[in-house]
Every structure is written in structure tokens, then in C-alpha cells.
Amino acid sequence: MDKRFKHTLVAFKICPYCMKVLTIMCHKNIKFEIKFIEMSNKPDWFLKLSPLERVPILIIGEEVVLFESAAIMEYIDEITPPKLMSEDPMQKALDRAKFEYSNEIIKNLYQFIFCLEQEKFIKLKEWLIKHFKQMDDWLKDKKYMNGTELSLVDFNFVPVFVVLNMLKPILPCDMLKDYKRLQNYGDSLTSMSCSKTGRVPDYEFLMMDGIKNKNTVLFRSNPCYFNGPKPSRCCFFGK
Ligand SMILES: N[C@@H](CCC(=O)N[C@@H](CS)C(=O)NCC(=O)O)C(=O)O
């Protein structure tokens, strides 16, 4: 491989923004190396490279560092035609707004999962249900966000459904129960092979371990689940 265009993704194993990038990289069959770091112990070389000290970053060759998952996803899409992002300026703007929307959903979903206070947990659940309704409305008469065809914006929502699937056995309620379109959308996204290869084999295991070890509301409301047989490990990455 020409070293100028070698791609190295720096990621954290349970980071949903890294999952978005990994999913599109797998979908587009990009060759890349991956370096995992721990958020609690960020190495110096990473702190020097990542302007906001966040993952994901994509190192291209030896000089260029892309940061922010949205920018990285668009770059990957651009260099691997056919593009999944629309050429139409208005559609592009609408899509980019949904990139942001997905980030808000993901941020709140992770806060919900790792929440320690019952009251906040309920507020987050309500916030999520309200915003899932918005997504369900967007999907009216559509299979994907932009119609019948998969487009780049859809990849932003893969982590949401991976997480919701993982939570199914332990959630006190099905947050998607009134949103049939959204359920179907989630099934379409999570059944793509790239959304299986786009995360580490032990993603679910690490998440469940975190939920338990932090003594979260989710754990406290369902300790039997966590103290029984371990959730089965998924073996997706690199398959
Ligand atoms: N808007 C950023 C969000 C990335 C982000 O928040 N990443 C988290 C990990 S999931 C991070 O690196 N946080 C820094 C920290 O925890 O110190 C993106 O889309 O790339």
C-alpha cells in the first residue's frame, strides 16, 4: 500500500462514534489499521494528534489527521465511489443536520445506559422516546432516511440500534414499541454485514460489564440478568 494513503483509525472499543466510522469503513471495504486506546489513559502520542483529545481520529499517511466522526465518514464516502451522500445541496444540509441529531441521540442513550440516578434515568428515557418519535416520523413511507436506498446518513444511526438490541433483555420498557417504522429501520440497519463487522467482538460484553461495574440504574433494576450467565459474546469484528 502507498504509505501516503495508509489509513489508521484510532478508536475506543465502546465508542459509538468510532462504531459509525468503522461501519462505513467496513461497508466501503477500506483497508485500514486500527489502534485502540483507553479513555482513562490516553497516550501522549494521541493527545498530540487529536485536537479535541477525542476519538475517533483517522490518520492518513504520516501527516494528516482527520477528527470528528462526521468529517471522517464523509471523507471515506468521497474516496470510495459511488458516493452514498447526496450531491444535492439541500439534501446534503438536511443529512448533515441528521448527523448532528444522531449524535444527540447517542449522547443521551449512553447517558441513559450509564445513569446512576433514578430520576435522571426516567427523564432521559422520556427524552429518548420523544426523539425516537421524530425519527419514526421522518421514516414515513420510507425504508431508509432518504427513501428506498441506503445513504450515508443512515450509518449514523447504526450504533443506536446496536445498543437498543443489546438492551432488549434488560430494559424495563421497549422504547420503540409504538414506532413500527423505526423498528423495521433498525432491523434493516443491524442486519447489514458491515454493522456486524464494524465493532469489536466484545463490544456487548464490555458494555454490559460497564453497566454492572458502575452500579447503574439499569443494573440495579435488573441484577439477576447480570449475575446469571454472561451475555453471549458477539464475534463480528474482522469476520
Ligand atoms: N462529536 C465527536 C464526539 C466524539 C466523542 O465524544 N468521543 C468520545 C469517546 S465515545 C471521547 O473521545 N471522549 C473524550 C473523553 O472521554 O475524554 C465525533 O462525532 O467524533
# chains A, B, ... in the order shown; residues from 1 in each chain; ligands from 1
call {"tool": "residues_near_ligand", "arguments": {"ligand": "ligand 1", "cutoff": "9 Å", "atoms": "only C-alpha atoms and all ligand atoms", "output": "ChimeraX atom specification"}}
result
/A:11-18,20-21,39-40,42,52-57,67-72,99-100,103,107
call {"tool": "write_last_selection", "arguments": {"atoms": "N, CA and C atoms", "output": "JSON list (two decimals), in the first residue's frame"}}
result
[["chain", "number", "residue", "atom", "x", "y", "z"],
["A", 11, "ALA", "N", -9.26, 4.47, 17.97],
["A", 11, "ALA", "CA", -10.62, 4.27, 18.48],
["A", 11, "ALA", "C", -10.60, 3.79, 19.93],
["A", 12, "PHE", "N", -11.77, 3.87, 20.53],
["A", 12, "PHE", "CA", -12.01, 3.33, 21.87],
["A", 12, "PHE", "C", -13.07, 2.24, 21.68],
["A", 13, "LYS", "N", -12.87, 1.11, 22.32],
["A", 13, "LYS", "CA", -13.68, -0.06, 21.96],
["A", 13, "LYS", "C", -15.19, 0.13, 22.07],
["A", 14, "ILE", "N", -15.65, 0.90, 23.05],
["A", 14, "ILE", "CA", -17.11, 1.02, 23.15],
["A", 14, "ILE", "C", -17.62, 2.39, 22.70],
["A", 15, "CYS", "N", -16.79, 3.09, 21.92],
["A", 15, "CYS", "CA", -17.20, 4.43, 21.47],
["A", 15, "CYS", "C", -18.18, 4.31, 20.29],
["A", 16, "PRO", "N", -19.39, 4.86, 20.43],
["A", 16, "PRO", "CA", -20.37, 4.74, 19.35],
["A", 16, "PRO", "C", -19.99, 5.55, 18.11],
["A", 17, "TYR", "N", -19.23, 6.64, 18.32],
["A", 17, "TYR", "CA", -18.83, 7.46, 17.16],
["A", 17, "TYR", "C", -17.77, 6.69, 16.36],
["A", 18, "CYS", "N", -16.95, 5.93, 17.05],
["A", 18, "CYS", "CA", -15.98, 5.07, 16.36],
["A", 18, "CYS", "C", -16.73, 3.97, 15.60],
["A", 20, "LYS", "N", -19.64, 4.18, 14.21],
["A", 20, "LYS", "CA", -20.18, 4.74, 12.96],
["A", 20, "LYS", "C", -19.11, 4.70, 11.86],
["A", 21, "VAL", "N", -17.90, 5.15, 12.24],
["A", 21, "VAL", "CA", -16.81, 5.23, 11.27],
["A", 21, "VAL", "C", -16.40, 3.82, 10.82],
["A", 39, "MET", "N", -9.83, 5.52, 27.27],
["A", 39, "MET", "CA", -10.17, 6.91, 27.56],
["A", 39, "MET", "C", -9.58, 7.35, 28.91],
["A", 40, "SER", "N", -9.41, 6.37, 29.81],
["A", 40, "SER", "CA", -8.90, 6.71, 31.14],
["A", 40, "SER", "C", -7.37, 6.85, 31.15],
["A", 42, "LYS", "N", -5.13, 8.13, 28.16],
["A", 42, "LYS", "CA", -4.85, 8.50, 26.76],
["A", 42, "LYS", "C", -3.34, 8.66, 26.58],
["A", 52, "LEU", "N", -9.22, 17.67, 19.87],
["A", 52, "LEU", "CA", -10.15, 17.77, 20.99],
["A", 52, "LEU", "C", -9.93, 16.64, 22.01],
["A", 53, "GLU", "N", -8.84, 15.91, 21.79],
["A", 53, "GLU", "CA", -8.48, 14.77, 22.66],
["A", 53, "GLU", "C", -9.58, 13.72, 22.68],
["A", 54, "ARG", "N", -10.27, 13.61, 21.53],
["A", 54, "ARG", "CA", -11.36, 12.64, 21.45],
["A", 54, "ARG", "C", -11.10, 11.65, 20.32],
["A", 55, "VAL", "N", -11.71, 10.47, 20.44],
["A", 55, "VAL", "CA", -11.75, 9.51, 19.34],
["A", 55, "VAL", "C", -13.12, 9.63, 18.70],
["A", 56, "PRO", "N", -13.28, 9.24, 17.44],
["A", 56, "PRO", "CA", -12.25, 8.68, 16.56],
["A", 56, "PRO", "C", -11.39, 9.77, 15.92],
["A", 57, "ILE", "N", -10.13, 9.37, 15.59],
["A", 57, "ILE", "CA", -9.37, 10.16, 14.62],
["A", 57, "ILE", "C", -8.91, 9.19, 13.54],
["A", 67, "PHE", "N", -10.42, 14.49, 12.25],
["A", 67, "PHE", "CA", -11.14, 14.25, 13.50],
["A", 67, "PHE", "C", -12.61, 14.57, 13.29],
["A", 68, "GLU", "N", -13.45, 14.19, 14.22],
["A", 68, "GLU", "CA", -14.91, 14.27, 14.15],
["A", 68, "GLU", "C", -15.45, 13.18, 13.22],
["A", 69, "SER", "N", -16.28, 12.31, 13.79],
["A", 69, "SER", "CA", -16.78, 11.16, 13.02],
["A", 69, "SER", "C", -17.48, 11.58, 11.73],
["A", 70, "ALA", "N", -18.23, 12.69, 11.76],
["A", 70, "ALA", "CA", -18.97, 13.09, 10.56],
["A", 70, "ALA", "C", -18.01, 13.41, 9.42],
["A", 71, "ALA", "N", -16.94, 14.15, 9.74],
["A", 71, "ALA", "CA", -15.97, 14.52, 8.72],
["A", 71, "ALA", "C", -15.28, 13.28, 8.17],
["A", 72, "ILE", "N", -14.96, 12.36, 9.06],
["A", 72, "ILE", "CA", -14.27, 11.14, 8.63],
["A", 72, "ILE", "C", -15.20, 10.31, 7.73],
["A", 99, "PHE", "N", -26.94, 14.06, 10.97],
["A", 99, "PHE", "CA", -25.69, 13.57, 11.60],
["A", 99, "PHE", "C", -25.66, 14.10, 13.04],
["A", 100, "GLU", "N", -25.96, 15.40, 13.18],
["A", 100, "GLU", "CA", -25.96, 16.03, 14.50],
["A", 100, "GLU", "C", -27.04, 15.43, 15.38],
["A", 103, "ASN", "N", -25.98, 12.27, 16.82],
["A", 103, "ASN", "CA", -25.02, 12.45, 17.92],
["A", 103, "ASN", "C", -25.73, 12.77, 19.23],
["A", 107, "LYS", "N", -25.59, 10.47, 22.48],
["A", 107, "LYS", "CA", -25.10, 11.03, 23.77],
["A", 107, "LYS", "C", -26.11, 10.73, 24.88]]
call {"tool": "residues_around", "arguments": {"residues": "Val158 of chain A", "least_positions_apart": "2", "cutoff": "9 Å", "atoms": "only C-alpha atoms", "output": "PyMOL selection string"}}
result
chain A and resi 16+19-20+23+154-156+160-163+186+189-190+195
call {"tool": "select_by_dssp", "arguments": {"residues": "segment 156-208 of chain A", "states": "alpha helix (DSSP H)", "output": "ChimeraX atom specification"}}
result
/A:158-167,180-190,193-197,203-208
call {"tool": "residues_around", "arguments": {"residues": "Asp178 of chain A", "least_positions_apart": "5", "cutoff": "12 Å", "atoms": "only C-alpha atoms", "output": "mmCIF file with N, CA and C atoms, in the first residue's frame"}}
result
data_model
loop_
_atom_site.group_PDB
_atom_site.id
_atom_site.type_symbol
_atom_site.label_atom_id
_atom_site.label_comp_id
_atom_site.auth_asym_id
_atom_site.auth_seq_id
_atom_site.Cartn_x
_atom_site.Cartn_y
_atom_site.Cartn_z
ATOM 1 N N ILE A 129 -37.575 8.634 24.039
ATOM 2 C CA ILE A 129 -38.815 8.204 23.390
ATOM 3 C C ILE A 129 -39.358 9.328 22.508
ATOM 4 N N LYS A 130 -39.311 10.559 23.024
ATOM 5 C CA LYS A 130 -39.788 11.710 22.254
ATOM 6 C C LYS A 130 -38.979 11.869 20.945
ATOM 7 N N PHE A 132 -37.208 9.522 19.458
ATOM 8 C CA PHE A 132 -37.425 8.373 18.572
ATOM 9 C C PHE A 132 -38.686 8.614 17.737
ATOM 10 N N LYS A 133 -39.644 9.289 18.323
ATOM 11 C CA LYS A 133 -40.873 9.586 17.559
ATOM 12 C C LYS A 133 -40.535 10.457 16.343
ATOM 13 N N ASP A 136 -39.148 8.284 13.753
ATOM 14 C CA ASP A 136 -40.217 7.477 13.163
ATOM 15 C C ASP A 136 -41.008 8.323 12.154
ATOM 16 N N ASP A 137 -41.247 9.595 12.490
ATOM 17 C CA ASP A 137 -41.953 10.493 11.570
ATOM 18 C C ASP A 137 -41.139 10.698 10.290
ATOM 19 N N CYS A 173 -38.670 -1.174 29.638
ATOM 20 C CA CYS A 173 -39.745 -0.991 28.657
ATOM 21 C C CYS A 173 -39.130 -0.999 27.260
ATOM 22 N N GLN A 183 -38.629 0.459 14.174
ATOM 23 C CA GLN A 183 -38.187 -0.912 14.451
ATOM 24 C C GLN A 183 -37.687 -1.573 13.169
ATOM 25 N N ASN A 184 -38.454 -1.394 12.082
ATOM 26 C CA ASN A 184 -38.046 -2.008 10.812
ATOM 27 C C ASN A 184 -36.737 -1.408 10.309
#
call {"tool": "closest_residue", "arguments": {"among": "A:Thr8, A:Leu58, A:Lys35, A:Tyr185", "to": "Gly147 of chain A", "atoms": "only C-alpha atoms"}}
result
A:Tyr185
call {"tool": "residues_around", "arguments": {"residues": "segment 82-84 of chain A", "least_positions_apart": "6", "cutoff": "12 Å", "atoms": "only C-alpha atoms", "output": "list in words"}}
result
Ile24, His27, Lys28, Met73, Glu74, Tyr75, Ile76, Gln91, Lys92, Asp95, Asn146, Glu149, Leu150, Ser151, Leu152, Val153, Asp154 and Phe155 of chain A
call {"tool": "residues_around", "arguments": {"residues": "Cys26 of chain A", "least_positions_apart": "3", "cutoff": "8 Å", "atoms": "only C-alpha atoms", "output": "short mmCIF file (atom, residue, chain, number, x, y, z; two decimals) with C-alpha atoms, in the first residue's frame"}}
result
data_model
loop_
_atom_site.label_atom_id
_atom_site.label_comp_id
_atom_site.auth_asym_id
_atom_site.auth_seq_id
_atom_site.Cartn_x
_atom_site.Cartn_y
_atom_site.Cartn_z
CA LEU A 22 -15.90 1.55 11.46
CA THR A 23 -19.25 0.59 9.96
CA ASN A 29 -14.13 -2.14 2.06
CA ILE A 30 -11.46 0.31 3.07
CA CYS A 194 -20.95 -4.08 7.97
CA THR A 197 -18.09 -6.27 11.38
CA GLY A 198 -18.00 -2.61 12.43
#
call {"tool": "closest_residue", "arguments": {"among": "A:Ile211, A:Pro43, A:Asn165, A:Pro81", "to": "Ser191 of chain A", "atoms": "only C-alpha atoms"}}
result
A:Asn165
